[in-house]
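Please read the structure below before turning to the comments.
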Amino acid sequence: MNGHITKPPPNENRMSGNTVVEDPGIPLVNRRNGKYHKYVEEDIQSTSTGTTVMSSKFDNISYRLSRRKVLLRYRTIIVNFEFSCALLGIIFMLVETELFFQGVITKSSVVSIVLKSCISVTTLFLLIGVIAYHITGIQLCMTDNSLEDWRLAVTFPWTYLKILLEIGVCIIHPIPGNISVSAIDPNGKSMDVSIDAILSILMLMRVYLLSKFMVVHSKLLTSTATQSLGALNKVKINSTFVFKALMSSMPGTVLVVIMLAILVVNSWAMRTCEAYYHPDAKNSNFFNDMWMIAITFLTVGYGDLYPNTYCGRFVSVATGLMGVGTTALLVAVLAQKLEQSRAEKYVHNFVTRAQLDKERKIAAADTIKYVLQLWRMKKNNENNSRKRIRLHGKLLQAIAAMREAKNEKASIGETAIGFIEIAKSVNDIVDLSESLQETQSELQIKMSDMDSTMKEMQTKMDAIYSAVVKR
């Protein structure tokens, strides 16, 4: 190849024969025969001077936007696949567990093994979906930041820990067969118990995929305008953003859904623990378990029902913590709803100030009246000390009422000032300073014009004076 190969700075590549010499500043970028060639897309364009320029496709904004759109569509498909697999696995698990509770099947029966095998198959597909989701996320990061090496888009070790944590949550499921372990109940008795109850309860953690599903299917959050604003303001459009947005728009509905979900899921978990490890007619009843979960969630705890297994106690503790957190959210929502709006505050403060002005005027009038009465008694030399003491006490009360009304009005004026009023005042000051600067500039221009006019007049007067002297 004649000429040489260049690339726009900051990265320069030189080719001699079949060898590509790369800039050592960014490793594994633009490697042709290496492991990461599939992430590098380059166009070679010849110029009239014999110089060949290698430009990355990521430098083309149209290519980046179209690739990003395709990746977002792939991510939506992957999330739908994940959610479907997780939901199908949970349905199979619920069917197998309820059939076992009703005595229709046993853990060694063919139906139980087939259902658990279906759960394992859906779990395998779910793990494939999880890995594909994170690969798509890395490709999106590469596209957004114009990166050509996938390792530049991975944050070590948090990305790997996040992937491993999600795989660990999704891989939990009841294993085909009857696996039992030796355990001790709260009464100190040793017994062989199945691990299916714990695995079935932990399998419910897959409901976190519902947040992903909501993110990718929300028209507001997946719109181009929202994504652009989020990128400009460095705001991630994720599950946390969805939860905050829902709590801002419909907090009551969100809290009701959360409480109902906690009630149903934890009641089923409590029933599963008690039915597996301490079966009895009282604690194995679903409605009794709902009552126990409800009083635990509300931190009441009447004591008529209580868990008899360590698994049930763990569910009770988790329910109590959820109840405390949900109560805190409920208090915050109620406080926000009961807070007066800006217009309501203005109306309330205006009415209160008018009432205080009225009370202050009445107190001032009473003060004048009692002073005049005391002055008249002194002028007429009335010796009724009892009446004088009574009028003096009323005078002091009127003066105190007048001062109290004045202080309350001043305090209302201080509390009525909020961030909006402060921002408005700052804007007014800025506008006033700008107008003053403009006026000052105009005055300077006028002064300069006057100075020029004075100089011209001085020049003309000097010329006239010279002409007069010469004559």
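Going through the structure tokens in order, the chains are called A, B, and so on, while each chain numbers its residues from 1 and the ligands are numbered from 1 in the order shown.
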Worksheet item: stretch 214-379 of chain A: which residues are alpha helix (DSSP H) by DSSP, as a PyMOL selection string?
Response: chain A and resi 214-217+224-232+239-249+251-277+286-297+310-338+342-379
Item to complete: Just the residues within 12 Å of A:Asp289, please, counting only C-alpha atoms, with nothing from its chain fewer than 6 positions along; format it as a list in words.
Response: Leu263, Val264, Val265, Asn266, Ser267, Trp268, Ala269, Met270, Arg271, Thr272, Cys273, Glu274, Ala275, Ala281, Lys282, Asn283, Ile295, Thr296, Phe297, Asp304, Leu305, Tyr306, Pro307, Asn308, Gly312, Val315 and Ser316 of chain A
Write out, as a PDB file, in the first residue's frame, the residues just selected, with N, CA and C atoms.
```pdb
ATOM      1  N   LEU A 263     -48.657  -8.328  51.688  1.00  0.00           N
ATOM      2  CA  LEU A 263     -49.601  -9.165  52.428  1.00  0.00           C
ATOM      3  C   LEU A 263     -49.759 -10.538  51.784  1.00  0.00           C
ATOM      4  N   VAL A 264     -49.962 -10.563  50.469  1.00  0.00           N
ATOM      5  CA  VAL A 264     -50.208 -11.836  49.782  1.00  0.00           C
ATOM      6  C   VAL A 264     -48.944 -12.694  49.733  1.00  0.00           C
ATOM      7  N   VAL A 265     -47.812 -12.095  49.323  1.00  0.00           N
ATOM      8  CA  VAL A 265     -46.571 -12.867  49.159  1.00  0.00           C
ATOM      9  C   VAL A 265     -46.065 -13.393  50.500  1.00  0.00           C
ATOM     10  N   ASN A 266     -46.033 -12.550  51.523  1.00  0.00           N
ATOM     11  CA  ASN A 266     -45.528 -12.988  52.821  1.00  0.00           C
ATOM     12  C   ASN A 266     -46.479 -13.972  53.498  1.00  0.00           C
ATOM     13  N   SER A 267     -47.777 -13.850  53.253  1.00  0.00           N
ATOM     14  CA  SER A 267     -48.720 -14.840  53.797  1.00  0.00           C
ATOM     15  C   SER A 267     -48.476 -16.200  53.176  1.00  0.00           C
ATOM     16  N   TRP A 268     -48.254 -16.218  51.862  1.00  0.00           N
ATOM     17  CA  TRP A 268     -47.946 -17.503  51.220  1.00  0.00           C
ATOM     18  C   TRP A 268     -46.614 -18.057  51.717  1.00  0.00           C
ATOM     19  N   ALA A 269     -45.634 -17.192  51.906  1.00  0.00           N
ATOM     20  CA  ALA A 269     -44.334 -17.659  52.415  1.00  0.00           C
ATOM     21  C   ALA A 269     -44.475 -18.214  53.829  1.00  0.00           C
ATOM     22  N   MET A 270     -45.255 -17.549  54.688  1.00  0.00           N
ATOM     23  CA  MET A 270     -45.474 -18.040  56.045  1.00  0.00           C
ATOM     24  C   MET A 270     -46.181 -19.396  56.029  1.00  0.00           C
ATOM     25  N   ARG A 271     -47.192 -19.517  55.193  1.00  0.00           N
ATOM     26  CA  ARG A 271     -47.908 -20.798  55.094  1.00  0.00           C
ATOM     27  C   ARG A 271     -46.989 -21.901  54.602  1.00  0.00           C
ATOM     28  N   THR A 272     -46.114 -21.575  53.646  1.00  0.00           N
ATOM     29  CA  THR A 272     -45.195 -22.587  53.132  1.00  0.00           C
ATOM     30  C   THR A 272     -44.238 -23.060  54.221  1.00  0.00           C
ATOM     31  N   CYS A 273     -43.700 -22.113  54.988  1.00  0.00           N
ATOM     32  CA  CYS A 273     -42.788 -22.497  56.073  1.00  0.00           C
ATOM     33  C   CYS A 273     -43.482 -23.374  57.111  1.00  0.00           C
ATOM     34  N   GLU A 274     -44.665 -22.958  57.550  1.00  0.00           N
ATOM     35  CA  GLU A 274     -45.358 -23.700  58.588  1.00  0.00           C
ATOM     36  C   GLU A 274     -45.850 -25.049  58.088  1.00  0.00           C
ATOM     37  N   ALA A 275     -46.319 -25.117  56.831  1.00  0.00           N
ATOM     38  CA  ALA A 275     -46.837 -26.378  56.299  1.00  0.00           C
ATOM     39  C   ALA A 275     -45.728 -27.392  56.050  1.00  0.00           C
ATOM     40  N   ALA A 281     -53.200 -27.663  61.791  1.00  0.00           N
ATOM     41  CA  ALA A 281     -54.407 -27.081  61.189  1.00  0.00           C
ATOM     42  C   ALA A 281     -54.485 -25.582  61.396  1.00  0.00           C
ATOM     43  N   LYS A 282     -53.819 -25.059  62.413  1.00  0.00           N
ATOM     44  CA  LYS A 282     -53.941 -23.643  62.755  1.00  0.00           C
ATOM     45  C   LYS A 282     -53.019 -22.778  61.910  1.00  0.00           C
ATOM     46  N   ASN A 283     -51.725 -23.060  61.941  1.00  0.00           N
ATOM     47  CA  ASN A 283     -50.756 -22.217  61.228  1.00  0.00           C
ATOM     48  C   ASN A 283     -50.646 -22.568  59.754  1.00  0.00           C
ATOM     49  N   ILE A 295     -50.931  -8.357  61.348  1.00  0.00           N
ATOM     50  CA  ILE A 295     -50.622  -7.759  62.646  1.00  0.00           C
ATOM     51  C   ILE A 295     -49.116  -7.572  62.821  1.00  0.00           C
ATOM     52  N   THR A 296     -48.324  -8.384  62.141  1.00  0.00           N
ATOM     53  CA  THR A 296     -46.872  -8.180  62.184  1.00  0.00           C
ATOM     54  C   THR A 296     -46.483  -6.972  61.348  1.00  0.00           C
ATOM     55  N   PHE A 297     -47.114  -6.824  60.180  1.00  0.00           N
ATOM     56  CA  PHE A 297     -46.834  -5.680  59.308  1.00  0.00           C
ATOM     57  C   PHE A 297     -47.192  -4.368  59.997  1.00  0.00           C
ATOM     58  N   ASP A 304     -52.005 -14.022  69.535  1.00  0.00           N
ATOM     59  CA  ASP A 304     -52.874 -15.188  69.375  1.00  0.00           C
ATOM     60  C   ASP A 304     -52.304 -16.189  68.386  1.00  0.00           C
ATOM     61  N   LEU A 305     -51.527 -15.702  67.414  1.00  0.00           N
ATOM     62  CA  LEU A 305     -50.838 -16.550  66.448  1.00  0.00           C
ATOM     63  C   LEU A 305     -49.376 -16.147  66.385  1.00  0.00           C
ATOM     64  N   TYR A 306     -48.507 -17.136  66.261  1.00  0.00           N
ATOM     65  CA  TYR A 306     -47.076 -16.868  66.170  1.00  0.00           C
ATOM     66  C   TYR A 306     -46.421 -18.003  65.400  1.00  0.00           C
ATOM     67  N   PRO A 307     -45.319 -17.750  64.718  1.00  0.00           N
ATOM     68  CA  PRO A 307     -44.665 -18.806  63.923  1.00  0.00           C
ATOM     69  C   PRO A 307     -43.997 -19.844  64.813  1.00  0.00           C
ATOM     70  N   ASN A 308     -44.044 -21.093  64.346  1.00  0.00           N
ATOM     71  CA  ASN A 308     -43.464 -22.207  65.098  1.00  0.00           C
ATOM     72  C   ASN A 308     -42.161 -22.711  64.503  1.00  0.00           C
ATOM     73  N   GLY A 312     -40.473 -19.430  59.517  1.00  0.00           N
ATOM     74  CA  GLY A 312     -41.582 -18.516  59.760  1.00  0.00           C
ATOM     75  C   GLY A 312     -41.163 -17.290  60.543  1.00  0.00           C
ATOM     76  N   VAL A 315     -39.560 -14.906  58.159  1.00  0.00           N
ATOM     77  CA  VAL A 315     -40.580 -14.201  57.368  1.00  0.00           C
ATOM     78  C   VAL A 315     -41.241 -13.107  58.209  1.00  0.00           C
ATOM     79  N   SER A 316     -41.466 -13.375  59.488  1.00  0.00           N
ATOM     80  CA  SER A 316     -42.080 -12.369  60.369  1.00  0.00           C
ATOM     81  C   SER A 316     -41.173 -11.161  60.541  1.00  0.00           C
TER      82      SER A 316
END
```
Worksheet entry | Who sits within 7 Å of A:Trp150, only C-alpha atoms, same chain under 4 positions skipped, as a list in words |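 Skipping anything fewer than 4 positions along the chain leaves Ile138, Met142 and Val154 of chain A.
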Emit the selected residues as a JSON list (two decimals), in the first residue's frame, including N, CA, C and O atoms.
```
[["chain", "number", "residue", "atom", "x", "y", "z"],
["A", 138, "ILE", "N", -23.83, -3.30, 27.97],
["A", 138, "ILE", "CA", -22.45, -2.91, 27.67],
["A", 138, "ILE", "C", -22.34, -2.33, 26.27],
["A", 138, "ILE", "O", -21.65, -1.33, 26.04],
["A", 142, "MET", "N", -21.09, 1.39, 25.14],
["A", 142, "MET", "CA", -20.08, 1.62, 24.11],
["A", 142, "MET", "C", -20.58, 2.58, 23.04],
["A", 142, "MET", "O", -19.86, 3.47, 22.59],
["A", 154, "VAL", "N", -16.88, -1.36, 31.00],
["A", 154, "VAL", "CA", -17.15, -2.16, 32.20],
["A", 154, "VAL", "C", -16.43, -1.54, 33.38],
["A", 154, "VAL", "O", -15.23, -1.22, 33.29]]
```
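Counting only C-alpha atoms, the residue from A:Lys378, A:Lys394, A:Arg67, A:Lys387 that sits nearest to A:Asp366 is A:Lys394.
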Worksheet entry | Distance query A:Leu199 at most 7 Å, only C-alpha atoms, self and fewer than 3 positions along chain excluded, as number ranges by chain | A: 172-174, 195-196, 202-203
Could the residues in this selection be written to a file with N, CA, C and O atoms, as an mmCIF file, in the first residue's frame?
```
data_model
loop_
_atom_site.group_PDB
_atom_site.id
_atom_site.type_symbol
_atom_site.label_atom_id
_atom_site.label_comp_id
_atom_site.auth_asym_id
_atom_site.auth_seq_id
_atom_site.Cartn_x
_atom_site.Cartn_y
_atom_site.Cartn_z
ATOM 1 N N ILE A 172 -31.840 -19.504 41.835
ATOM 2 C CA ILE A 172 -32.466 -20.205 42.955
ATOM 3 C C ILE A 172 -33.820 -20.754 42.520
ATOM 4 O O ILE A 172 -34.692 -20.003 42.064
ATOM 5 N N HIS A 173 -34.027 -22.052 42.676
ATOM 6 C CA HIS A 173 -35.299 -22.699 42.359
ATOM 7 C C HIS A 173 -35.299 -24.098 42.960
ATOM 8 O O HIS A 173 -34.238 -24.658 43.249
ATOM 9 N N PRO A 174 -36.490 -24.677 43.179
ATOM 10 C CA PRO A 174 -36.557 -26.053 43.703
ATOM 11 C C PRO A 174 -35.956 -27.053 42.721
ATOM 12 O O PRO A 174 -36.270 -27.046 41.530
ATOM 13 N N ILE A 195 -35.642 -28.947 51.601
ATOM 14 C CA ILE A 195 -35.170 -27.585 51.340
ATOM 15 C C ILE A 195 -36.032 -26.880 50.295
ATOM 16 O O ILE A 195 -35.763 -25.733 49.942
ATOM 17 N N ASP A 196 -37.087 -27.559 49.821
ATOM 18 C CA ASP A 196 -37.935 -26.950 48.787
ATOM 19 C C ASP A 196 -38.644 -25.706 49.287
ATOM 20 O O ASP A 196 -38.899 -24.771 48.509
ATOM 21 N N LEU A 202 -37.354 -18.153 48.324
ATOM 22 C CA LEU A 202 -36.317 -17.305 47.741
ATOM 23 C C LEU A 202 -36.512 -17.099 46.243
ATOM 24 O O LEU A 202 -36.047 -16.107 45.679
ATOM 25 N N MET A 203 -37.220 -18.037 45.612
ATOM 26 C CA MET A 203 -37.477 -17.899 44.183
ATOM 27 C C MET A 203 -38.370 -16.705 43.892
ATOM 28 O O MET A 203 -38.352 -16.149 42.776
#
```
Worksheet item: Hey, what's within 9 Å of A:Ser239 if we count only C-alpha atoms and toss same-chain stuff fewer than 5 positions away? As a ChimeraX atom specification, please?
Response: /A:211-212,214-215,244
Worksheet item: What is the atom CA of A:Asn380 to atom CA of A:Met402 distance in Å?
Response: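 Atom CA of A:Met402 lies 28.7 Å from atom CA of A:Asn380.
When the distance limit is 10 Å and only C-alpha atoms are what count, the residues near A:Arg353, minus those fewer than 3 positions from it on the same chain, are Val347, His348, Asn349, Phe350, Leu356, Asp357, Lys358, Glu359, Ala405, Lys406, Glu408, Lys409, Ala410, Ile412 and Gly413 of chain A.
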Worksheet item: Taking only C-alpha atoms into account, which of A:Ala463, A:Leu246, A:Ile78, A:Leu99 comes nearest A:Ser218?
Response: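 Going through A:Ala463, A:Leu246, A:Ile78, A:Leu99 one by one, the smallest distance to A:Ser218 is for A:Leu246.
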Worksheet item: From the list A:Ser84, A:Asn238, A:Asn145, A:Gln397, which residue is nearest A:Leu65 when using only C-alpha atoms?
Response: A:Asn145
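When atom CA of A:Leu126 is paired with atom CA of A:Glu82, their separation reads 5.3 Å.
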